[in-house]
Amino acid sequence: MNGMEARLRRIIRKETGRSLVVAVDHGMALGPMTGIVDVKTTISNLDATNTIDAWLLTKGIYTYAFEPADRPGIIMRASGGATIVGPNLTHEGITSSVKEALYLGADSVAVSAFIGSEFEHQTLVDMATMATKCRKWNVPLLGVMGLGKTNEDKKKDPRFIALGARVGAEHGADIIKTYYTETDFDKVVAGCPVPVMIAGGPKCETVLDTLSMIHGALQHGARGIVMGRNVWQSPHPAALLEAVEGLIHRNFSVKEAAQLLEERINS
């Protein structure tokens, strides 16, 4: 087993080949959002559920607010540099290095590319360049496939999402994070030679919507989910994580996950 395999095992659970990742990197562009204002407490409370396989976070939060009880997988953000009040959220650049990630103790790095945006070329080049550096150190790269604002409607188009997933893999990503499409998501997975994980996306209207989305993705080949606001903006985040862990690692149906969630809420 080489370093790449060892690090991937800390992110993707060997027994199931799947992963539950919680993302708390939103503050780099959106600031202190509801749910992660006191991000240190949020991390501590979610970590206590003992359900999370890996965390996606920035180097600042990792350094000053991350104190897990055990040793979960760590995916460190290595791209950013744009905020919600700036001219374009897709204008990201490289903000860290593989050496810094290893120095801090991370297992993987994450870089965004924005398909169909004004900065598609630069963000894809950044992803490919980071992939080359990751290869040197046997560090897996998570390709976070985003879209430009003018392409928001294409989040539901499986052909467009399949394009982004494949392009990310072609540029060197070892894992792809992309949007779930209710139709033909199996074709998105089939066209991508590396594991595909779905983004939690904007907060779902109901918790049943969240569970149904995750179950649908898993049934069509996804290897897990990278969850953010749908968990830490939930009124019952710990119970929700237990239900999601059941879907991902215990092959729960939506009904079984919903029953567990209700039991935990009422206990």
# chains A, B, ... in the order shown; residues from 1 in each chain; ligands from 1

$ residues_around --residues "range 60-73 of chain A" --least-positions-apart "6" --cutoff "9 Å" --atoms "only C-alpha atoms" --output "list in words"
Arg7, Leu8, Arg9, Arg10, Ile11, Ile12, Val21, Val24, Asp25, Val39, Lys40, Thr41, Ile43, Ser44, Asp47, Ala48, Asn50, Ile52, Asp53, Ala54, Leu104, Ala106, Asp107 and Ser108 of chain A

$ write_last_selection --atoms "C-alpha atoms" --output "PDB file, in the first residue's frame"
ATOM      1  CA  ARG A   7      -4.666   8.575   2.551  1.00  0.00           C
ATOM      2  CA  LEU A   8      -7.695   7.543   0.505  1.00  0.00           C
ATOM      3  CA  ARG A   9      -8.548   4.969   3.193  1.00  0.00           C
ATOM      4  CA  ARG A  10      -8.794   7.780   5.733  1.00  0.00           C
ATOM      5  CA  ILE A  11     -11.386   9.460   3.502  1.00  0.00           C
ATOM      6  CA  ILE A  12     -13.300   6.565   1.933  1.00  0.00           C
ATOM      7  CA  VAL A  21     -17.760  14.105   4.376  1.00  0.00           C
ATOM      8  CA  VAL A  24     -17.205  23.634   6.804  1.00  0.00           C
ATOM      9  CA  ASP A  25     -15.257  25.605   4.189  1.00  0.00           C
ATOM     10  CA  VAL A  39     -17.469  27.074  13.862  1.00  0.00           C
ATOM     11  CA  LYS A  40     -15.353  25.509  16.597  1.00  0.00           C
ATOM     12  CA  THR A  41     -18.461  24.537  18.570  1.00  0.00           C
ATOM     13  CA  ILE A  43     -17.272  21.046  14.594  1.00  0.00           C
ATOM     14  CA  SER A  44     -17.111  19.739  18.160  1.00  0.00           C
ATOM     15  CA  ASP A  47     -17.629  15.299  15.659  1.00  0.00           C
ATOM     16  CA  ALA A  48     -19.241  13.872  18.789  1.00  0.00           C
ATOM     17  CA  ASN A  50     -18.794   9.615  15.514  1.00  0.00           C
ATOM     18  CA  ILE A  52     -18.083  11.525   9.938  1.00  0.00           C
ATOM     19  CA  ASP A  53     -15.441   9.910   7.748  1.00  0.00           C
ATOM     20  CA  ALA A  54     -13.720  13.121   6.658  1.00  0.00           C
ATOM     21  CA  LEU A 104      -0.592  20.602   8.718  1.00  0.00           C
ATOM     22  CA  ALA A 106      -4.101  16.822   5.915  1.00  0.00           C
ATOM     23  CA  ASP A 107      -4.780  13.681   3.875  1.00  0.00           C
ATOM     24  CA  SER A 108      -6.054  15.367   0.724  1.00  0.00           C
TER      25      SER A 108
END

$ residues_around --residues "Thr183 in chain A" --least-positions-apart "6" --cutoff "9 Å" --atoms "only C-alpha atoms" --output "number ranges by chain"
A: 156-158

$ residues_around --residues "Ile94 in chain A" --least-positions-apart "4" --cutoff "9 Å" --atoms "only C-alpha atoms" --output "ChimeraX atom specification"
/A:78-81,111,123,126-127,130

$ write_last_selection --atoms "N, CA and C atoms" --output "compact mmCIF listing (two decimals), in the first residue's frame"
# COMPACT_ATOMS: atom_id res chain seq x y z
N ALA A 78 -7.54 24.12 -1.10
CA ALA A 78 -6.32 24.73 -1.65
C ALA A 78 -6.65 25.73 -2.75
N SER A 79 -7.92 26.08 -2.88
CA SER A 79 -8.30 27.14 -3.82
C SER A 79 -9.31 28.04 -3.15
N GLY A 80 -9.37 29.28 -3.60
CA GLY A 80 -10.28 30.27 -3.03
C GLY A 80 -9.90 31.65 -3.53
N GLY A 81 -10.10 32.66 -2.69
CA GLY A 81 -9.69 34.01 -3.06
C GLY A 81 -10.80 34.87 -3.62
N VAL A 111 -9.56 21.39 -4.81
CA VAL A 111 -9.45 22.54 -5.71
C VAL A 111 -10.72 22.61 -6.55
N THR A 123 -9.29 28.00 -13.84
CA THR A 123 -9.54 27.08 -12.73
C THR A 123 -9.22 25.63 -13.11
N ASP A 126 -5.46 25.40 -12.99
CA ASP A 126 -5.05 25.31 -11.58
C ASP A 126 -5.26 23.90 -11.05
N MET A 127 -6.38 23.28 -11.40
CA MET A 127 -6.66 21.92 -10.94
C MET A 127 -5.61 20.94 -11.49
N MET A 130 -2.24 21.47 -9.77
CA MET A 130 -2.25 20.92 -8.41
C MET A 130 -2.22 19.40 -8.45

$ closest_atom_pairs --of "range 105-224 of chain A" --to "range 240-245 of chain A" --cutoff "12 Å" --atoms "only C-alpha atoms" --output "CSV"
residue,atom,partner,partner_atom,distance
A:Gly200,CA,A:Val244,CA,11.6
A:Thr206,CA,A:Leu240,CA,11.7
A:Val207,CA,A:Leu240,CA,8.1
A:Leu208,CA,A:Leu240,CA,10.3
A:Thr210,CA,A:Val244,CA,9.0
A:Leu211,CA,A:Val244,CA,6.9
A:Ser212,CA,A:Val244,CA,10.2
A:Met213,CA,A:Val244,CA,10.6
A:Ile214,CA,A:Val244,CA,7.7
A:His215,CA,A:Val244,CA,8.8
A:Leu218,CA,A:Val244,CA,11.1
A:Gly224,CA,A:Glu245,CA,9.6

$ write_last_selection --atoms "C-alpha atoms" --output "short mmCIF file (atom, residue, chain, number, x, y, z; two decimals), in the first residue's frame"
data_model
loop_
_atom_site.label_atom_id
_atom_site.label_comp_id
_atom_site.auth_asym_id
_atom_site.auth_seq_id
_atom_site.Cartn_x
_atom_site.Cartn_y
_atom_site.Cartn_z
CA GLY A 200 -25.00 18.73 -0.45
CA THR A 206 -37.34 19.23 3.99
CA VAL A 207 -35.19 16.63 5.67
CA LEU A 208 -36.96 13.97 3.61
CA THR A 210 -32.18 15.52 1.85
CA LEU A 211 -32.47 11.81 2.61
CA SER A 212 -34.10 11.08 -0.75
CA MET A 213 -31.37 12.95 -2.63
CA ILE A 214 -28.61 11.01 -0.88
CA HIS A 215 -30.35 7.66 -1.34
CA LEU A 218 -26.08 6.14 -3.84
CA GLY A 224 -20.96 9.33 -0.77
#

$ residues_around --residues "Met76 in chain A" --least-positions-apart "2" --cutoff "6 Å" --atoms "only C-alpha atoms" --output "list in words"
Leu56, Leu57, Thr58, Val109 and Ala110 of chain A

$ write_last_selection --atoms "C-alpha atoms" --output "PDB file, in the first residue's frame"
ATOM      1  CA  LEU A  56     -13.496  19.491   4.142  1.00  0.00           C
ATOM      2  CA  LEU A  57     -12.148  22.719   5.609  1.00  0.00           C
ATOM      3  CA  THR A  58      -9.781  25.622   5.052  1.00  0.00           C
ATOM      4  CA  VAL A 109      -6.445  18.743  -0.949  1.00  0.00           C
ATOM      5  CA  ALA A 110      -9.469  20.206  -2.728  1.00  0.00           C
TER       6      ALA A 110
END

$ closest_residue --among "A:Leu46, A:Met33, A:Ala128, A:Ala101" --to "Ile84 in chain A" --atoms "only C-alpha atoms"
A:Met33

$ closest_residue --among "A:Lys154, A:Lys203, A:Lys14, A:Lys255" --to "Ser117 in chain A" --atoms "only C-alpha atoms"
A:Lys154

$ atom_distance --atom1 "CA of Asp209 in chain A" --atom2 "CA of Arg159 in chain A"
22.8 Å

$ select_by_dssp --residues "range 13-112 of chain A" --states "helix (DSSP H, G or I)" --output "list in words"
Gly27, Met28, Ala29, Leu30, Val39, Lys40, Thr41, Thr42, Ile43, Ser44, Asn45, Leu46, Asp47, Lys59, Gly60, Ile61, Tyr62, Thr63, Tyr64, Val98, Lys99, Glu100, Ala101, Leu102, Tyr103 and Leu104 of chain A

$ closest_residue --among "A:Pro32, A:Pro193, A:Asn151, A:Thr51" --to "Ala239 in chain A" --atoms "only C-alpha atoms"
A:Thr51

$ closest_residue --among "A:Ile36, A:Ala162, A:Ile248, A:Leu30" --to "Thr178 in chain A" --atoms "only C-alpha atoms"
A:Ala162
